[in-house]
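This is my_file-v5.cif. It holds mmCIF, C-alpha atoms and all ligand atoms.
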data_upload
loop_
_atom_site.label_atom_id
_atom_site.label_comp_id
_atom_site.auth_asym_id
_atom_site.auth_seq_id
_atom_site.Cartn_x
_atom_site.Cartn_y
_atom_site.Cartn_z
CA MET E 1 35.99 -259.79 128.31
CA THR E 2 39.51 -258.43 128.78
CA SER E 3 41.25 -258.62 125.44
CA ASP E 4 44.60 -260.17 124.65
CA LEU E 5 45.98 -256.69 124.01
CA VAL E 6 45.28 -255.75 127.61
CA HIS E 7 47.18 -258.85 128.70
CA HIS E 8 50.17 -257.42 126.86
CA GLY E 9 49.82 -254.00 128.47
CA GLU E 10 48.34 -252.12 125.49
CA SER E 11 44.97 -250.49 124.93
CA PHE E 12 42.82 -250.77 121.76
CA ASP E 13 44.76 -248.07 119.90
CA GLY E 14 48.21 -249.32 120.85
CA THR E 15 48.92 -246.74 123.56
CA PRO E 16 50.47 -248.26 126.65
CA LEU E 17 48.12 -248.83 129.58
CA GLY E 18 48.77 -247.17 132.93
CA PHE E 19 50.53 -248.85 135.84
CA ALA E 20 47.31 -249.49 137.81
CA THR E 21 45.46 -251.06 134.87
CA LYS E 22 48.44 -253.30 134.17
CA SER E 23 48.82 -254.27 137.83
CA ILE E 24 45.24 -255.56 137.70
CA HIS E 25 45.02 -257.22 134.30
CA LEU E 26 48.47 -258.54 133.39
CA GLY E 27 48.95 -262.18 134.28
CA ASN E 28 45.22 -262.66 134.81
CA GLY E 29 42.93 -264.42 132.35
CA VAL E 30 39.99 -266.75 131.95
CA ASP E 31 40.41 -270.32 133.15
CA ALA E 32 39.90 -272.51 130.09
CA GLU E 33 38.17 -275.33 131.97
CA THR E 34 35.68 -273.44 134.16
CA GLY E 35 35.37 -270.00 132.61
CA ALA E 36 36.37 -268.45 135.95
CA ILE E 37 37.70 -264.94 135.44
CA ARG E 38 40.45 -265.63 137.98
CA ARG E 39 43.24 -267.99 137.15
CA PRO E 40 43.36 -270.92 139.58
CA ILE E 41 46.27 -272.13 141.70
CA THR E 42 47.79 -275.18 140.07
CA LEU E 43 49.32 -277.27 142.81
CA ALA E 44 50.37 -280.35 140.80
CA ASN E 45 54.02 -281.45 140.92
CA ALA E 46 53.88 -283.05 137.45
CA TYR E 47 52.05 -282.72 134.17
CA ALA E 48 50.84 -285.35 131.70
CA LEU E 49 53.45 -286.34 129.13
CA PRO E 50 52.65 -286.68 125.41
CA TYR E 51 52.16 -290.10 123.83
CA ASP E 52 55.81 -290.12 122.77
CA PRO E 53 57.92 -288.20 125.30
CA SER E 54 61.27 -289.10 123.76
CA ASP E 55 61.77 -285.59 122.30
CA ILE E 56 61.32 -283.82 125.63
CA ASN E 57 64.24 -281.92 127.12
CA TRP E 58 63.91 -282.78 130.82
CA SER E 59 65.56 -279.47 131.80
CA SER E 60 63.30 -277.18 129.79
CA SER E 61 61.36 -274.48 131.64
CA ASP E 62 58.87 -273.43 128.99
CA VAL E 63 56.62 -276.51 128.90
CA ASN E 64 54.53 -277.89 131.76
CA LEU E 65 56.57 -280.88 132.86
CA TYR E 66 57.67 -280.79 136.49
CA THR E 67 56.97 -277.88 138.85
CA ARG E 68 60.65 -277.15 139.65
CA ASN E 69 61.19 -276.47 135.93
CA GLY E 70 58.50 -273.76 135.98
CA HIS E 71 54.74 -273.67 136.48
CA PRO E 72 51.67 -271.67 135.37
CA ASN E 73 51.29 -269.47 138.49
CA GLN E 74 54.96 -268.50 138.26
CA ARG E 75 54.58 -267.60 134.57
CA TYR E 76 51.48 -265.42 135.10
CA LEU E 77 53.36 -263.41 137.73
CA GLU E 78 56.47 -263.20 135.54
CA ALA E 79 54.46 -261.76 132.64
CA LYS E 80 53.12 -258.98 134.87
CA LEU E 81 56.44 -258.16 136.52
CA ALA E 82 58.43 -258.06 133.26
CA ASN E 83 56.00 -255.48 131.92
CA LEU E 84 55.86 -253.38 135.12
CA GLU E 85 59.69 -253.25 135.19
CA GLY E 86 59.95 -252.47 131.46
CA ALA E 87 62.03 -255.63 130.90
CA GLU E 88 62.02 -258.17 128.11
CA ASP E 89 61.42 -261.00 130.61
CA ALA E 90 61.33 -261.79 134.32
CA VAL E 91 61.99 -264.91 136.37
CA VAL E 92 60.33 -265.43 139.75
CA LEU E 93 62.12 -267.49 142.41
CA ALA E 94 61.56 -268.61 146.01
CA SER E 95 62.81 -265.43 147.76
CA GLY E 96 64.59 -262.16 147.22
CA VAL E 97 67.82 -263.79 148.36
CA ALA E 98 67.33 -266.60 145.82
CA ALA E 99 67.03 -263.87 143.15
CA LEU E 100 70.26 -262.24 144.33
CA ALA E 101 72.14 -265.57 144.46
CA ALA E 102 70.74 -266.57 141.05
CA THR E 103 71.96 -263.31 139.51
CA PHE E 104 75.45 -263.54 140.99
CA THR E 105 75.98 -267.25 140.28
CA THR E 106 74.68 -266.91 136.72
CA VAL E 107 76.51 -263.75 135.66
CA LEU E 108 79.83 -264.35 137.44
CA ASN E 109 82.35 -267.06 136.62
CA ARG E 110 85.61 -268.07 138.30
CA GLY E 111 88.17 -265.27 137.88
CA ASP E 112 85.56 -262.54 137.22
CA HIS E 113 85.37 -259.38 139.30
CA ALA E 114 82.27 -257.70 140.77
CA ILE E 115 81.82 -254.30 142.42
CA PHE E 116 79.01 -253.89 144.95
CA SER E 117 77.49 -251.25 147.24
CA ASP E 118 78.92 -251.06 150.76
CA THR E 119 75.40 -251.04 152.17
CA THR E 120 73.18 -253.89 150.97
CA TYR E 121 70.87 -256.53 152.28
CA ILE E 122 73.02 -258.75 154.52
CA ALA E 123 72.82 -261.83 152.25
CA ALA E 124 74.11 -259.85 149.24
CA TYR E 125 77.03 -258.73 151.42
CA ARG E 126 77.79 -262.30 152.59
CA LEU E 127 77.53 -263.74 149.07
CA LEU E 128 79.75 -261.11 147.45
CA ASN E 129 82.11 -260.43 150.32
CA GLN E 130 82.73 -263.99 151.44
CA ILE E 131 80.92 -266.96 149.90
CA LEU E 132 81.58 -266.34 146.18
CA PRO E 133 85.23 -265.24 146.68
CA GLU E 134 86.11 -268.07 149.07
CA LYS E 135 84.25 -270.94 147.43
CA TYR E 136 84.17 -269.98 143.76
CA GLY E 137 87.22 -267.79 143.12
CA ILE E 138 85.29 -264.61 142.26
CA GLU E 139 86.99 -261.27 143.02
CA THR E 140 84.87 -258.56 144.59
CA SER E 141 85.26 -254.93 145.69
CA ILE E 142 82.99 -253.25 148.20
CA VAL E 143 82.62 -249.52 147.51
CA ASP E 144 80.45 -246.57 148.47
CA THR E 145 78.45 -246.49 145.23
CA SER E 146 76.59 -243.33 146.28
CA ASP E 147 79.63 -241.54 144.82
CA PRO E 148 80.00 -242.88 141.24
CA ARG E 149 83.71 -241.99 141.26
CA ASN E 150 84.26 -244.90 143.65
CA ILE E 151 82.80 -247.27 141.04
CA ALA E 152 85.10 -245.84 138.36
CA ASP E 153 88.13 -246.30 140.64
CA ALA E 154 87.28 -249.94 141.40
CA ILE E 155 86.89 -251.12 137.79
CA ARG E 156 89.35 -253.83 136.69
CA PRO E 157 89.87 -255.48 133.29
CA ASN E 158 87.85 -258.51 134.53
CA THR E 159 84.92 -256.53 136.04
CA LYS E 160 81.72 -258.25 134.86
CA LEU E 161 79.09 -256.96 137.27
CA VAL E 162 78.29 -253.82 139.26
CA HIS E 163 75.61 -254.53 141.88
CA ILE E 164 73.91 -251.66 143.67
CA GLU E 165 71.10 -251.43 146.18
CA THR E 166 69.20 -248.14 146.26
CA PRO E 167 67.88 -246.93 148.63
CA ALA E 168 70.16 -249.21 150.63
CA ASN E 169 68.91 -251.34 153.49
CA PRO E 170 69.16 -250.10 156.28
CA THR E 171 70.81 -246.67 155.94
CA LEU E 172 68.73 -245.37 152.98
CA LYS E 173 71.83 -244.32 151.04
CA VAL E 174 70.94 -243.63 147.38
CA THR E 175 72.98 -244.46 144.27
CA ASP E 176 72.66 -242.72 140.88
CA ILE E 177 71.49 -245.57 138.63
CA GLU E 178 72.18 -243.78 135.34
CA ALA E 179 75.75 -242.92 136.35
CA ALA E 180 76.40 -246.48 137.60
CA ALA E 181 74.99 -247.95 134.37
CA LYS E 182 77.24 -245.78 132.22
CA LEU E 183 80.36 -246.73 134.19
CA ALA E 184 79.48 -250.43 134.11
CA HIS E 185 78.77 -250.40 130.38
CA ASP E 186 81.95 -248.47 129.54
CA ALA E 187 83.84 -251.28 131.30
CA GLY E 188 81.89 -254.02 129.47
CA ALA E 189 80.10 -255.02 132.69
CA LEU E 190 76.42 -255.40 133.60
CA LEU E 191 74.59 -253.31 136.19
CA SER E 192 72.20 -255.07 138.58
CA VAL E 193 69.96 -253.03 140.88
CA ASP E 194 68.18 -254.27 144.01
CA ASN E 195 65.02 -252.15 143.67
CA THR E 196 63.17 -253.68 146.64
CA PHE E 197 62.87 -250.42 148.62
CA ASN E 198 61.36 -248.56 145.67
CA SER E 199 59.31 -251.16 143.78
CA PRO E 200 58.71 -250.53 140.06
CA PHE E 201 55.99 -248.02 140.95
CA ASN E 202 58.55 -245.54 142.30
CA VAL E 203 61.63 -246.30 140.21
CA ARG E 204 62.20 -248.36 137.05
CA PRO E 205 65.95 -249.03 136.90
CA ILE E 206 65.82 -250.51 133.37
CA ASP E 207 64.57 -247.15 132.02
CA LEU E 208 67.65 -245.60 133.64
CA GLY E 209 70.08 -248.02 131.95
CA ALA E 210 70.26 -250.98 134.38
CA ASP E 211 70.59 -254.45 132.85
CA ILE E 212 69.09 -256.46 135.71
CA VAL E 213 66.49 -255.53 138.34
CA ILE E 214 66.06 -257.60 141.48
CA GLU E 215 63.01 -257.34 143.71
CA SER E 216 62.24 -259.10 146.96
CA LEU E 217 58.55 -259.76 146.18
CA THR E 218 58.19 -260.53 149.89
CA LYS E 219 58.08 -256.78 150.50
CA TYR E 220 56.01 -254.21 148.57
CA ILE E 221 55.02 -256.28 145.55
CA ASN E 222 53.19 -258.87 147.64
CA GLY E 223 52.47 -256.24 150.24
CA HIS E 224 50.62 -258.35 152.79
CA GLY E 225 53.43 -259.92 154.77
CA ASP E 226 52.38 -263.51 154.06
CA ALA E 227 54.57 -264.94 151.28
CA LEU E 228 58.25 -264.96 150.26
CA GLY E 229 59.33 -264.51 146.66
CA GLY E 230 61.97 -262.84 144.50
CA ALA E 231 62.14 -261.62 140.91
CA ILE E 232 64.84 -260.87 138.37
CA ALA E 233 63.74 -258.71 135.43
CA THR E 234 66.17 -258.57 132.52
CA ARG E 235 66.84 -259.73 128.95
CA LYS E 236 65.49 -263.11 127.84
CA GLU E 237 69.00 -264.34 127.13
CA LEU E 238 69.80 -263.97 130.86
CA THR E 239 66.47 -265.23 132.26
CA ASP E 240 66.92 -268.40 130.17
CA GLN E 241 70.31 -268.96 131.81
CA ILE E 242 68.93 -268.19 135.28
CA ARG E 243 66.08 -270.66 134.81
CA PHE E 244 68.49 -273.36 133.71
CA THR E 245 71.07 -272.77 136.45
CA TYR E 246 69.28 -271.52 139.47
CA GLN E 247 65.72 -272.70 139.01
CA VAL E 248 66.11 -276.14 137.47
CA ASN E 249 69.53 -277.14 138.79
CA TYR E 250 69.86 -275.33 142.13
CA GLY E 251 66.13 -275.71 142.79
CA GLY E 252 65.23 -272.10 143.66
CA ILE E 253 61.66 -272.29 142.28
CA ILE E 254 58.81 -270.43 144.00
CA SER E 255 55.81 -272.49 145.17
CA PRO E 256 52.62 -272.12 143.10
CA PHE E 257 50.74 -270.95 146.18
CA ASN E 258 53.20 -268.15 146.92
CA ALA E 259 53.27 -267.09 143.26
CA TRP E 260 49.47 -266.90 143.32
CA LEU E 261 49.42 -264.92 146.58
CA ILE E 262 52.00 -262.45 145.28
CA ASN E 263 50.12 -262.06 141.99
CA ARG E 264 46.99 -261.27 144.01
CA GLY E 265 48.80 -258.85 146.33
CA SER E 266 50.47 -257.03 143.44
CA VAL E 267 47.07 -255.95 142.06
CA THR E 268 47.00 -253.07 144.57
CA LEU E 269 50.71 -252.15 144.37
CA PRO E 270 50.16 -248.60 143.00
CA LEU E 271 47.49 -247.74 145.58
CA ARG E 272 49.60 -249.09 148.40
CA MET E 273 52.81 -247.40 147.26
CA ARG E 274 51.12 -243.98 147.14
CA GLN E 275 50.01 -244.47 150.75
CA HIS E 276 53.42 -245.82 151.93
CA ASN E 277 55.16 -242.89 150.21
CA ALA E 278 52.85 -240.25 151.67
CA SER E 279 52.84 -241.61 155.24
CA ALA E 280 56.60 -242.16 155.33
CA LEU E 281 57.26 -238.59 154.19
CA ALA E 282 54.83 -237.16 156.77
CA ILE E 283 56.38 -239.28 159.56
CA ALA E 284 59.95 -238.43 158.48
CA LYS E 285 59.09 -234.71 158.63
CA HIS E 286 57.42 -235.12 162.01
CA LEU E 287 60.39 -237.03 163.45
CA GLU E 288 62.76 -234.36 162.14
CA SER E 289 60.86 -231.76 164.19
CA LEU E 290 61.17 -233.65 167.52
CA PRO E 291 63.93 -232.72 170.02
CA GLN E 292 64.34 -236.38 171.13
CA VAL E 293 65.29 -237.45 167.57
CA ARG E 294 69.03 -237.31 166.79
CA PHE E 295 68.73 -237.86 163.04
CA VAL E 296 66.30 -239.02 160.35
CA ALA E 297 67.39 -240.64 157.08
CA TYR E 298 64.73 -240.65 154.36
CA PRO E 299 65.45 -239.85 150.67
CA GLY E 300 62.27 -237.74 150.47
CA LEU E 301 63.62 -235.22 153.00
CA GLU E 302 65.55 -232.26 151.66
CA SER E 303 68.07 -232.91 154.42
CA HIS E 304 68.95 -236.30 152.85
CA PRO E 305 72.38 -236.04 151.16
CA HIS E 306 71.10 -237.73 147.98
CA HIS E 307 67.63 -236.17 147.84
CA ASP E 308 68.21 -234.64 144.38
CA VAL E 309 69.39 -237.92 142.85
CA ALA E 310 66.47 -239.79 144.44
CA ALA E 311 63.98 -237.22 143.09
CA ARG E 312 65.49 -237.36 139.59
CA GLN E 313 65.13 -241.16 139.48
CA LEU E 314 61.37 -241.27 140.15
CA ALA E 315 59.45 -243.15 137.47
CA ARG E 316 56.25 -241.06 137.40
CA PRO E 317 54.79 -237.80 138.70
CA ASP E 318 52.87 -239.53 141.53
CA ALA E 319 55.85 -241.66 142.64
CA GLY E 320 57.56 -241.12 145.98
CA PHE E 321 60.49 -242.19 148.08
CA GLY E 322 59.21 -245.46 149.55
CA GLY E 323 57.95 -246.46 152.96
CA VAL E 324 61.19 -247.09 154.85
CA LEU E 325 63.07 -244.58 156.97
CA ALA E 326 65.83 -244.76 159.59
CA PHE E 327 66.10 -242.62 162.70
CA GLY E 328 68.01 -242.48 165.96
CA LEU E 329 66.87 -241.22 169.34
CA ASP E 330 68.97 -239.16 171.67
CA THR E 331 69.12 -241.92 174.27
CA ASP E 332 70.97 -245.12 175.20
CA HIS E 333 70.37 -248.81 174.47
CA ASP E 334 67.69 -249.11 177.16
CA GLY E 335 65.94 -245.91 176.04
CA HIS E 336 65.54 -247.31 172.51
CA ASN E 337 64.08 -250.56 173.89
CA ARG E 338 61.77 -248.65 176.25
CA PHE E 339 60.43 -246.63 173.31
CA VAL E 340 59.62 -249.79 171.33
CA SER E 341 57.93 -251.42 174.32
CA LYS E 342 55.52 -248.47 174.54
CA LEU E 343 54.36 -248.60 170.90
CA ASN E 344 50.79 -249.84 170.45
CA VAL E 345 50.16 -249.74 166.69
CA ILE E 346 53.68 -250.21 165.28
CA THR E 347 54.99 -253.77 165.69
CA SER E 348 58.56 -254.67 166.63
CA ALA E 349 59.58 -257.11 163.87
CA VAL E 350 61.89 -257.34 160.86
CA SER E 351 60.75 -257.03 157.23
CA LEU E 352 59.06 -254.18 155.38
CA GLY E 353 56.46 -253.52 152.72
CA HIS E 354 53.72 -255.13 154.80
CA ASP E 355 50.29 -253.62 155.42
CA GLU E 356 51.25 -253.12 159.09
CA SER E 357 54.07 -250.82 160.24
CA LEU E 358 57.18 -252.60 161.51
CA ILE E 359 60.11 -251.28 163.51
CA VAL E 360 63.47 -252.86 164.29
CA PHE E 361 66.40 -251.61 166.37
CA LEU E 362 69.69 -252.07 164.51
CA GLY E 363 73.28 -251.02 164.33
CA GLU E 364 74.76 -251.41 167.78
CA ASP E 365 76.54 -254.68 167.02
CA ASP E 366 76.20 -254.88 163.24
CA GLU E 367 79.33 -256.48 161.69
CA ARG E 368 79.19 -253.78 158.98
CA LYS E 369 78.82 -250.82 161.30
CA TYR E 370 82.16 -249.42 160.10
CA LEU E 371 80.52 -248.92 156.70
CA TYR E 372 77.65 -246.81 158.07
CA PRO E 373 77.74 -243.02 158.55
CA PRO E 374 78.76 -242.13 162.15
CA GLU E 375 75.28 -241.10 163.32
CA PHE E 376 74.18 -244.73 162.87
CA HIS E 377 76.84 -246.14 165.22
CA ARG E 378 74.93 -245.57 168.46
CA GLY E 379 72.06 -247.71 167.22
CA PHE E 380 69.03 -246.67 165.18
CA PHE E 381 65.57 -247.76 164.12
CA ARG E 382 64.50 -248.92 160.71
CA LEU E 383 60.82 -248.02 160.48
CA ALA E 384 58.84 -249.63 157.67
CA VAL E 385 55.77 -247.44 157.46
CA GLY E 386 52.61 -249.45 156.76
CA LEU E 387 49.14 -248.59 155.53
CA GLU E 388 47.51 -247.52 158.80
CA ASP E 389 46.14 -243.96 159.10
CA THR E 390 49.12 -241.62 159.16
CA ASP E 391 47.78 -239.79 162.23
CA ASP E 392 47.51 -243.02 164.21
CA LEU E 393 51.18 -243.77 163.48
CA ILE E 394 52.33 -240.28 164.45
CA ARG E 395 50.30 -240.41 167.66
CA ASP E 396 51.72 -243.86 168.44
CA ILE E 397 55.27 -242.51 168.13
CA ASP E 398 54.55 -239.39 170.22
CA HIS E 399 52.77 -241.42 172.90
CA ALA E 400 55.63 -243.96 173.12
CA LEU E 401 58.23 -241.18 173.42
CA ALA E 402 56.27 -239.67 176.33
CA GLU E 403 55.61 -243.01 178.04
CA ALA E 404 59.30 -243.95 177.72
CA GLU E 405 60.18 -240.60 179.32
CA LEU E 406 62.46 -239.58 176.48
C1 LIG J 501 64.29 -258.35 152.23
C2 LIG J 501 65.26 -257.93 151.23
C3 LIG J 501 65.93 -258.87 150.44
C4 LIG J 501 65.75 -260.35 150.63
O1 LIG J 501 64.48 -260.77 150.30
P1 LIG J 501 63.83 -262.12 150.89
O2 LIG J 501 62.57 -262.22 150.10
O3 LIG J 501 63.65 -261.92 152.35
O4 LIG J 501 64.78 -263.23 150.60
C5 LIG J 501 66.82 -258.42 149.48
N1 LIG J 501 67.05 -257.10 149.31
C6 LIG J 501 66.43 -256.16 150.07
C7 LIG J 501 66.75 -254.72 149.84
C8 LIG J 501 65.53 -256.53 151.05
O5 LIG J 501 64.93 -255.61 151.81
#
Would you encode the structure as structure tokens?
Ligand SMILES: *Cc1c(COP(=O)(O)O)cnc(C)c1O
Amino acid sequence: MTSDLVHHGESFDGTPLGFATKSIHLGNGVDAETGAIRRPITLANAYALPYDPSDINWSSSDVNLYTRNGHPNQRYLEAKLANLEGAEDAVVLASGVAALAATFTTVLNRGDHAIFSDTTYIAAYRLLNQILPEKYGIETSIVDTSDPRNIADAIRPNTKLVHIETPANPTLKVTDIEAAAKLAHDAGALLSVDNTFNSPFNVRPIDLGADIVIESLTKYINGHGDALGGAIATRKELTDQIRFTYQVNYGGIISPFNAWLINRGSVTLPLRMRQHNASALAIAKHLESLPQVRFVAYPGLESHPHHDVAARQLARPDAGFGGVLAFGLDTDHDGHNRFVSKLNVITSAVSLGHDESLIVFLGEDDERKYLYPPEFHRGFFRLAVGLEDTDDLIRDIDHALAEAEL
């Protein structure tokens, strides 16, 4: 039977276990009632109270009480994720956006200042650019964090948080996590990193000095395109606050079923990431060689302006640069749509980190277009490379280009 040590990520002699072993065993265990070697899904809303419940704190998250306060399937997944991220603790919420909102609303108070990357997931942009300043009196500065000097220039006496997304969705801009952490810490601020595009298999921001790591579990960590979730990995002092504010009082809890699905999906994270990384690099190189392709943005290409930083940040020798790339065709609006209509294997849909490859046409009327490099302005594709055979994907792209007469 798997020992308790394994459940804490250590082998018999105290050496740390590898990422794959931990992805399988952490958070799993034997069900006390049935002896099943898979933990069950616990779908109850409430748990039996003790004979005398008068001592219970109705807002506590560490006892089984009411599912919004925390539940077993959430905790199993949290134990695994905290370890994979190298964090003291992790809290799992209903979505990646819930994890972003929980971080911002917990760390920032009225009158505080936050600096954030000019290219981020759209909800992070709306929260930091508009909702938190207008409704809650929080000051924010939007800067190109891919050049750390811009972070240094934006620091104010009341700066409490630097939030970066790397690689950034959708332009694949990369930020130097170590440099950002140093600047934040020198100013007495925290650094949060949205690591969704990398997953902890490719990059572990906490090892590079970040204080808070945010993952949309919806993407690579679940990996099967069938459940939403979000995680924040950080110090226990902060996860306690996040549970109290965002989970118990704002209600951002994940459902037990989704926590169970994501825990199951995450078992194969290292295998899947190696395949996403390899296929995306092969496809990026292929696209770069085609005359119909105006530009390709992928941190694994030597032509990417931040390739060296991206390579330096990798967490292990077999890590890579993720499964998402952006590219533009040398055609007009209709030509881009024609190309998509001729794809047979790759599906036109948003999201990423699924088993199937997904493509979406972006940029033409994006409210943040002015923040993107000029080659993105004519419209571009975000291609989330899935787990199909690499050759099938390349042939699908070549066939669609020919059929669309591009
Ligand atoms: C998808 C995504 C999010 C939001 O996650 P949801 O689970 O959809 O709420 C946040 N950040 C990045 C980089 C993403 O790609």
Can I get the residues of chain E within 10 Å of ligand LIG 501 (chain J), each with the closest pair of atoms and their distance in Å to one decimal, using all atoms listed in the file, sorted chain first then ascending number, as CSV?
residue,atom,partner,partner_atom,distance
E:Leu93,CA,J:LIG501,O2,9.3
E:Ala94,CA,J:LIG501,O2,7.7
E:Ser95,CA,J:LIG501,O2,4.0
E:Gly96,CA,J:LIG501,O1,3.4
E:Val97,CA,J:LIG501,O4,3.8
E:Ala98,CA,J:LIG501,O4,6.4
E:Ala99,CA,J:LIG501,O4,7.8
E:Leu100,CA,J:LIG501,C5,7.3
E:Ala101,CA,J:LIG501,O4,9.9
E:Thr119,CA,J:LIG501,C7,9.7
E:Thr120,CA,J:LIG501,C7,6.6
E:Tyr121,CA,J:LIG501,N1,4.9
E:Ile122,CA,J:LIG501,C5,8.0
E:Ala123,CA,J:LIG501,C4,7.4
E:Ala124,CA,J:LIG501,C5,7.4
E:Ile164,CA,J:LIG501,C7,9.9
E:Glu165,CA,J:LIG501,C7,6.6
E:Thr166,CA,J:LIG501,C7,7.9
E:Pro167,CA,J:LIG501,C7,8.0
E:Ala168,CA,J:LIG501,C7,6.5
E:Asn169,CA,J:LIG501,C7,5.4
E:Pro170,CA,J:LIG501,O5,8.3
E:Val193,CA,J:LIG501,C7,9.7
E:Asp194,CA,J:LIG501,C7,6.0
E:Asn195,CA,J:LIG501,C7,6.9
E:Thr196,CA,J:LIG501,C7,4.9
E:Phe197,CA,J:LIG501,C7,5.9
E:Asn198,CA,J:LIG501,C7,9.2
E:Ile214,CA,J:LIG501,N1,7.9
E:Glu215,CA,J:LIG501,N1,6.9
E:Ser216,CA,J:LIG501,O1,4.4
E:Leu217,CA,J:LIG501,O2,6.1
E:Thr218,CA,J:LIG501,O2,4.7
E:Lys219,CA,J:LIG501,C1,6.6
E:Tyr220,CA,J:LIG501,O5,9.6
E:Ala227,CA,J:LIG501,O2,8.5
E:Leu228,CA,J:LIG501,O2,5.1
E:Gly229,CA,J:LIG501,O2,5.3
E:Gly230,CA,J:LIG501,O2,5.7
E:Ala231,CA,J:LIG501,O2,9.2
E:Val324,CA,J:LIG501,O5,9.8
E:Val350,CA,J:LIG501,C1,9.0
E:Ser351,CA,J:LIG501,C1,6.3
E:Leu352,CA,J:LIG501,O5,7.0
E:Gly353,CA,J:LIG501,O5,8.8
With C-alpha atoms retained, export the selected residues as a CSV table (one decimal), in the coordinates of the input.
chain,number,residue,atom,x,y,z
E,93,LEU,CA,62.1,-267.5,142.4
E,94,ALA,CA,61.6,-268.6,146.0
E,95,SER,CA,62.8,-265.4,147.8
E,96,GLY,CA,64.6,-262.2,147.2
E,97,VAL,CA,67.8,-263.8,148.4
E,98,ALA,CA,67.3,-266.6,145.8
E,99,ALA,CA,67.0,-263.9,143.2
E,100,LEU,CA,70.3,-262.2,144.3
E,101,ALA,CA,72.1,-265.6,144.5
E,119,THR,CA,75.4,-251.0,152.2
E,120,THR,CA,73.2,-253.9,151.0
E,121,TYR,CA,70.9,-256.5,152.3
E,122,ILE,CA,73.0,-258.8,154.5
E,123,ALA,CA,72.8,-261.8,152.2
E,124,ALA,CA,74.1,-259.8,149.2
E,164,ILE,CA,73.9,-251.7,143.7
E,165,GLU,CA,71.1,-251.4,146.2
E,166,THR,CA,69.2,-248.1,146.3
E,167,PRO,CA,67.9,-246.9,148.6
E,168,ALA,CA,70.2,-249.2,150.6
E,169,ASN,CA,68.9,-251.3,153.5
E,170,PRO,CA,69.2,-250.1,156.3
E,193,VAL,CA,70.0,-253.0,140.9
E,194,ASP,CA,68.2,-254.3,144.0
E,195,ASN,CA,65.0,-252.2,143.7
E,196,THR,CA,63.2,-253.7,146.6
E,197,PHE,CA,62.9,-250.4,148.6
E,198,ASN,CA,61.4,-248.6,145.7
E,214,ILE,CA,66.1,-257.6,141.5
E,215,GLU,CA,63.0,-257.3,143.7
E,216,SER,CA,62.2,-259.1,147.0
E,217,LEU,CA,58.6,-259.8,146.2
E,218,THR,CA,58.2,-260.5,149.9
E,219,LYS,CA,58.1,-256.8,150.5
E,220,TYR,CA,56.0,-254.2,148.6
E,227,ALA,CA,54.6,-264.9,151.3
E,228,LEU,CA,58.2,-265.0,150.3
E,229,GLY,CA,59.3,-264.5,146.7
E,230,GLY,CA,62.0,-262.8,144.5
E,231,ALA,CA,62.1,-261.6,140.9
E,324,VAL,CA,61.2,-247.1,154.8
E,350,VAL,CA,61.9,-257.3,160.9
E,351,SER,CA,60.8,-257.0,157.2
E,352,LEU,CA,59.1,-254.2,155.4
E,353,GLY,CA,56.5,-253.5,152.7
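With only C-alpha atoms as the atoms that count, the residue of E:Glu288, E:Glu85, E:Asp176, E:Asp308 with the shortest distance to Phe201 of chain E is E:Glu85.
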Which residues of segment 34-72 of chain E come within 7 Å of segment 251-261 of chain E, and for each one, what is the closest pair of atoms and their distance in Å to one decimal, counting only C-alpha atoms, sorted by chain and residue number, as JSON lines?
{"residue": "E:Ile41", "atom": "CA", "partner": "E:Trp260", "partner_atom": "CA", "distance": 6.3}
{"residue": "E:Thr42", "atom": "CA", "partner": "E:Pro256", "partner_atom": "CA", "distance": 6.5}
{"residue": "E:Leu43", "atom": "CA", "partner": "E:Pro256", "partner_atom": "CA", "distance": 6.1}
{"residue": "E:Arg68", "atom": "CA", "partner": "E:Ile253", "partner_atom": "CA", "distance": 5.6}
Counting all atoms listed in the file, closest pick from E:Leu172, E:Ala87, E:Leu17, E:Ala184 relative to Ala152 of chain E is E:Ala184
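With atom CA of Asp226 of chain E on one side and atom CA of Ala384 of chain E on the other, the separation reads 15.7 Å.
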Just how far from atom CA of Asp398 of chain E is atom CA of Lys285 of chain E, in Å to one decimal?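 So the two atoms, atom CA of Lys285 of chain E and atom CA of Asp398 of chain E, lie 13.3 Å apart.
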Rank nothing, just name the residue among E:Arg368, E:Pro317, E:Gly27, E:Asn150 nearest to Asn129 of chain E, using all atoms listed in the file. E:Arg368
